[in-house]
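Since the structure comes first, as structure tokens, the remarks are kept for the end.
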Amino acid sequence: MLGRSANGIFWLFRNLERAENTARLIEAGFRMALTRDARDASDEWRSVIVTLGLRALYEAKFGSDYAGPNVINFILRDKDNPGNVLAMCELARTNARMVRAGITREVWESVNDSWLRMRDLLARPVTETRLGDVLDTLRRQSTQVRGAMEGTMLRNEIYNFARIGSFIERADNTARILDVKYYVLLPSISYVGSSLDNVQWENVLRSLAGERAYRWLNAGRMEARGIAEFLILDSRFPRSLAFCYGKLRSNLEHLAREYGCETDAHAILQEADCDLHTITIDAIFEQGLHEYIAKFINRNTRLANQIQYDYRFID
Amino acid sequence: MKAASPSSYDEMFAADGSVRPAYRGYEEWYAEQPADLLRRKGTEAEAFFRRTGITFNVYGSEDAEERLIPFDMVPRIITAHQWRRLSRGIEQRVRALNAFLHDLYHRQEIVRSGRLPARLLEKNPAFLPQMVGFTPPGGVYTHIVGIDLVRTDEDEFMVLEDNARTPSGVSYMLENRETMMAMFPELFTRVRVREVSDYPRRLARSLAACLPPAAKGHQPVVAVLTPGIYNSAYFEHAFLADQMGAELVEGSDLRIENGRIAMRTTQGYQPIDVLYRRVDDEYLDPLTFNPDSMLGVSGIMDVYRAGGITIANAPGTGIADDKAIYSFMPEIVEFYTGEKPILPNVPTWRCSEPDALKYVLEHLSELVVKEVHGSGGYGMLIGPTSSKKEIAAFAAKLAARPHNYIAQPTLSLSTVPILGRGGLSPRHVDLRPFVLVSPGGIDITPGGLTRVALKKGSLVVNSSQGGGTKDSWVLDD
């Protein structure tokens with residue numbers, strides 16, 4: 001396949017994944033904001049903005065006014081935020097158009113449909129009343145694309161690059177959410193273990209669609225260390241770092257088999273994968289969760305860049 | 001039901017309101033349909049096109065927005081008998097076109113014999129000196145041709161234009177049929193229509209039959225070269241690549257390696273055997289043609305001439321689309337085939353000839369005047385629907401550069417009904433069948449693209465100017 005097509009499919013799925021994760025993040029933030037007083041609600045919205053790496057951009061426009069509608073619209077559709085969700089959907093579609101000959105009609109139609117719907121839904125400002133509908137559609141569309149992929153795509157290199165794009169992005173998103181919640185948000189370390197802390201952690205789980213699974217595994221006990229372990233090391237949970245890296249490994253292995261050789265990207269993957277398999281949660285907390293996550297994000301980015309280079313995404 | 005206006009031939013209804021044989025099966029079905037069903041289906045069709053992304057971009061419109069080409073649900077129907085005659089005429093014409101192109105780039109017998117003025121080639125940007133003395137692989141110049149036909153009477157089909165450069169629209173032929181079959185499956189069990197859906201396979205086979213000398217014995221590597229996603233026909237480029245199982249490449253994916261044109265794949269550069277290019281000649285090779293072009297590959301013409309790749313259609317075929325050359329097509333057909341043309345041309349005045357120019361200037365309000373190098377309905381004058389002021393302005397342009405124009409009578413184009421709010425109403429149509437040429441022969445897909453002028457009375461069918469399309473049926477015997 002063309003290097004340019006590999007690039008297109010990789011970014012198509014990164015953008016879809018990012019849009020979906022952003023929707024979850026807003027959803028969790030919205031829920032938190034509803035149960036808090038105004039000041040705490042705006043703290044919550046700030047944390048969403050920080051997690052998405054949009055703080056400077058946001059404050060340049062709104063100062064420190066973190067009112068819900070401002071935040072929601074800034075993330076979803078504001079032109080002053082070039083990385084808004086509508087732009088992600090459009091970018092996904094542009095990439096899908098570029099690789100149109102490499103994806104099935106079902107995949108293309110679901111991406112196109114998703115863009116058409118989001119364009120209509122986000123044509124005017126999103127009120128809190130409409131927010132549920134918008135986020136729901138976003139998640140549903142993303143599920144539809146995934147389903148079309150699963151059901152119709154040949155399991156070849158094209159599929160591998162699509163999956164690699166999804167899981168690089170998902171690992172990055174999970175790591176960032178965990179990092180922000182743990183490191184940036186807590187008012188002070190003394191809150192650890194308090195009830196506010198528990199609500200915060202539950203919210204982390206919710207923004208990663210993991211609250212039900214975690215509760216089920218832990219008989220409803222919320223505990224910071226357990227949640228971090230779940231999100232980092234539990235390879236059964238589809239948004240955990242270990243799960244993402246398991247998928248990255250199998251897809252990169254498939255490429256190596258198909259092409260008959262491994263590349264430098266395989267070495268980086270090996271290192272990360274080995275780390276996730278041998279480290280314990282205690283060891284992670286010992287070296288500091290933030291430090292660990294920062295290192296992880298950094299290596300994840302290195303892996304993405306190496307893949308783009310090894311497989312000639314660009315000239 | 002109302003008969004068409006008596007001035008033009010309606011393909012569905014005779015002047016007395018009776019249904020013509022070609023449409024009988026369809027009409028029976030149509031009469032049984034509840035009125036609102038068809039209207040509802042229209043909305044469905046539009047949603048279908050939007051979802052599948054069958055859109056085109058309009059050049060020169062403010063926001064290069066993607067638009068849908070309106071689709072009309074009443075098919076355009078041609079009988080088996082009519083089609084047989086049409087295909088004979090088309091085949092003859094396409095055979096002549098290829099012989100003509102070969103001659104133009106070799107001995108130019110037709111010029112020597114005095115049948116074609118040499119000045120038509122001189123300074124004509126569509127004539128490429130780089131092609132002189134070179135024979136493309138398999139001897140094929142126009143791998144894909146679209147012949148635009150108009151009809152004025154029961155048995156009167158005429159060729160309006162030849163598209164030997166890079167004819168587009170075939171994806172609409174295919175998608176319109178898919179749409180019709182999805183919406184009205186039972187209709188196809190009642191009326192037997194010849195299949196068009198194997199066009200991409202035929203195209204792939206036809207292209208693979210023209211391998212360049214450098215191609216190795218392996219499976220032929222075919223790629224479609226597109227200017228990119230912002231091109232108005234990008235959907236079609238992607239569609240054809242997808243259907244053929246070919247790579248869809250852009251200029252930036254290509255470079256020369258070991259005397260071959262190679263594409264950058266995830267495993268390194270891989271040579272291409274046949275390049276179905278949807279990029280115009282002038283952008284194909286910045287070294288040879290337009291140096292600012294980002295759409296082509298530097299040096300591809302050298303590789304081509306050295307036998308490293310097949311380019312389809314061959315560079316330099318655009319000369320056959322020239323409207324001044326067109327006016328000589330009857331002579332060209334006769335010169336190369338030794339037969340009288342089966343399909344006539346539309347009568348054409350060459351404004352370069354003083355007598356013709358005089359006539360044209362005196363009759364502008366009745367004529368259609370076109371630029372000889374123009375296409376897509378741009379830069380033309382339609383006398384009968386133009387204001388006095390527009391005609392005067394055009395007359396000045398024409399008088400200043402007469403050799404740049406040809407003129408044709410305003411034909412009374414045939415009509416086929418479209419489905420509007422008030423039921424069926426006649427609209428003017430044309431027809432573009434698609435023709436594949438390989439060393440093995442000429443292959444015409446039974447059908448084509450019917451373009452329809454949606455505005456009442458309008459003769460302009462171009463999609464860029466408000467035209468729509470119809471599914472085109474050739475009936476089985």
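Starting from 1 in every chain, residues are counted up; chains themselves are A, B, ... following the order of the structure tokens, and ligands are numbered from 1 as listed.
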
I need the contact residues of chain B against chain A, so if you could list those with any atom within 6 Å, counting only C-alpha atoms, and return them as an mmCIF file with N, CA, C and O atoms, in the first residue's frame, that would help.
data_model
loop_
_atom_site.group_PDB
_atom_site.id
_atom_site.type_symbol
_atom_site.label_atom_id
_atom_site.label_comp_id
_atom_site.auth_asym_id
_atom_site.auth_seq_id
_atom_site.Cartn_x
_atom_site.Cartn_y
_atom_site.Cartn_z
ATOM 1 N N ARG B 51 -24.730 10.289 1.378
ATOM 2 C CA ARG B 51 -24.037 9.379 2.274
ATOM 3 C C ARG B 51 -22.878 8.680 1.584
ATOM 4 O O ARG B 51 -21.815 8.507 2.154
ATOM 5 N N THR B 52 -23.090 8.305 0.322
ATOM 6 C CA THR B 52 -21.997 7.625 -0.372
ATOM 7 C C THR B 52 -20.937 8.623 -0.826
ATOM 8 O O THR B 52 -19.872 8.231 -1.249
ATOM 9 N N ALA B 238 -11.269 7.878 -7.130
ATOM 10 C CA ALA B 238 -11.199 6.924 -6.018
ATOM 11 C C ALA B 238 -12.093 5.717 -6.307
ATOM 12 O O ALA B 238 -11.721 4.572 -6.070
ATOM 13 N N ALA B 241 -10.388 3.438 -8.912
ATOM 14 C CA ALA B 241 -9.237 2.744 -8.330
ATOM 15 C C ALA B 241 -9.739 1.622 -7.426
ATOM 16 O O ALA B 241 -9.271 0.484 -7.492
ATOM 17 N N ASP B 242 -10.724 1.949 -6.614
ATOM 18 C CA ASP B 242 -11.294 0.975 -5.691
ATOM 19 C C ASP B 242 -11.864 -0.225 -6.453
ATOM 20 O O ASP B 242 -11.571 -1.374 -6.144
ATOM 21 N N ARG B 264 5.616 5.356 -3.810
ATOM 22 C CA ARG B 264 6.131 5.139 -2.460
ATOM 23 C C ARG B 264 5.133 4.292 -1.671
ATOM 24 O O ARG B 264 4.052 4.740 -1.318
ATOM 25 N N THR B 265 5.494 3.056 -1.421
ATOM 26 C CA THR B 265 4.627 2.209 -0.612
ATOM 27 C C THR B 265 5.236 2.105 0.788
ATOM 28 O O THR B 265 6.343 2.594 1.033
ATOM 29 N N THR B 266 4.519 1.449 1.662
ATOM 30 C CA THR B 266 5.008 1.299 3.039
ATOM 31 C C THR B 266 6.263 0.426 3.078
ATOM 32 O O THR B 266 6.940 0.381 4.080
#

Exercise: His428 of chain B partners within 9 Å, only C-alpha atoms, chain neighbours under 6 positions left out, as a compact mmCIF listing (two decimals) with N, CA, C and O atoms, in the first residue's frame:
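Output file out-v6.txt is given in full below:
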# COMPACT_ATOMS: atom_id res chain seq x y z
N SER B 8 -39.69 19.35 -30.40
CA SER B 8 -38.58 18.42 -30.30
C SER B 8 -39.07 17.00 -30.07
O SER B 8 -40.16 16.78 -29.57
N ASP B 10 -39.65 13.67 -28.42
CA ASP B 10 -39.64 13.12 -27.07
C ASP B 10 -39.46 11.61 -27.16
O ASP B 10 -40.13 10.94 -27.93
N SER B 412 -32.57 20.94 -32.08
CA SER B 412 -33.75 20.62 -31.31
C SER B 412 -33.49 19.25 -30.67
O SER B 412 -33.87 18.21 -31.17
N LEU B 413 -32.77 19.26 -29.54
CA LEU B 413 -32.38 18.02 -28.86
C LEU B 413 -33.61 17.25 -28.42
O LEU B 413 -34.62 17.85 -28.04
N SER B 414 -33.49 15.94 -28.42
CA SER B 414 -34.59 15.12 -27.95
C SER B 414 -34.83 15.36 -26.47
O SER B 414 -33.95 15.85 -25.75
N THR B 415 -36.02 15.01 -26.01
CA THR B 415 -36.34 15.14 -24.59
C THR B 415 -36.71 13.78 -24.02
O THR B 415 -37.13 12.88 -24.75
N VAL B 416 -36.50 13.66 -22.72
CA VAL B 416 -36.97 12.51 -21.95
C VAL B 416 -37.64 13.12 -20.73
O VAL B 416 -37.15 14.12 -20.21
N PRO B 417 -38.74 12.57 -20.27
CA PRO B 417 -39.40 13.19 -19.12
C PRO B 417 -38.55 13.11 -17.84
O PRO B 417 -37.80 12.15 -17.67
N ARG B 451 -27.07 12.99 -19.56
CA ARG B 451 -27.14 14.25 -18.82
C ARG B 451 -28.43 14.94 -19.24
O ARG B 451 -28.84 14.87 -20.39
N VAL B 452 -29.06 15.61 -18.29
CA VAL B 452 -30.36 16.21 -18.57
C VAL B 452 -30.38 17.66 -18.07
O VAL B 452 -29.90 17.96 -16.98
N ALA B 453 -30.88 18.54 -18.92
CA ALA B 453 -31.02 19.95 -18.53
C ALA B 453 -32.28 20.05 -17.68
O ALA B 453 -33.37 19.80 -18.16
N LEU B 454 -32.11 20.38 -16.40
CA LEU B 454 -33.28 20.32 -15.51
C LEU B 454 -34.22 21.51 -15.68
O LEU B 454 -35.39 21.45 -15.35
N LYS B 455 -33.66 22.60 -16.21
CA LYS B 455 -34.51 23.78 -16.41
C LYS B 455 -35.34 23.59 -17.67
O LYS B 455 -34.83 23.17 -18.70
N LYS B 456 -36.60 23.93 -17.56
CA LYS B 456 -37.50 23.75 -18.69
C LYS B 456 -36.97 24.51 -19.92
O LYS B 456 -36.61 25.68 -19.83
N GLY B 457 -36.89 23.81 -21.03
CA GLY B 457 -36.48 24.46 -22.27
C GLY B 457 -34.98 24.60 -22.44
O GLY B 457 -34.48 24.86 -23.53
N SER B 458 -34.22 24.44 -21.34
CA SER B 458 -32.76 24.65 -21.42
C SER B 458 -32.09 23.55 -22.22
O SER B 458 -32.51 22.39 -22.21
N LEU B 459 -31.03 23.93 -22.92
CA LEU B 459 -30.28 22.96 -23.72
C LEU B 459 -28.94 22.64 -23.08
O LEU B 459 -28.17 21.84 -23.60
N VAL B 460 -28.63 23.30 -21.95
CA VAL B 460 -27.32 23.08 -21.33
C VAL B 460 -27.42 21.96 -20.31
O VAL B 460 -28.12 22.07 -19.31
N VAL B 461 -26.71 20.88 -20.58
CA VAL B 461 -26.82 19.70 -19.73
C VAL B 461 -25.63 19.57 -18.77
O VAL B 461 -25.60 18.66 -17.94

Counting only C-alpha atoms, what is within 12 Å of Gly165 of chain A, bar same-chain residues fewer than 5 positions away, as a PyMOL selection string? chain A and resi 6-18+92+158-160+170-172+244-245+247-248+251-252+300-301+303-305+307-308

Could you pull the residues within 9 Å of Glu250 of chain B, counting only C-alpha atoms, minus those fewer than 5 positions along the same chain, as a list of chain:residue names?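 Near neighbours after the sequence-gap exclusion: B:Val224, B:Leu225, B:Thr226, B:Pro227, B:Gly228, B:Leu295, B:Gly296.
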
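Non-sequential neighbours of Asp136 of chain A (distance at most 12 Å, separation of 2 or more positions within a chain, only C-alpha atoms) are Ala19, Glu20, Thr22, Ala23, Arg24, Ile26, Glu27, Ser114, Arg117, Met118, Leu121, Arg130, Leu131, Gly132, Asp133, Val134, Leu138, Arg139, Arg140, Gln141, Ser142 and Thr143 of chain A.
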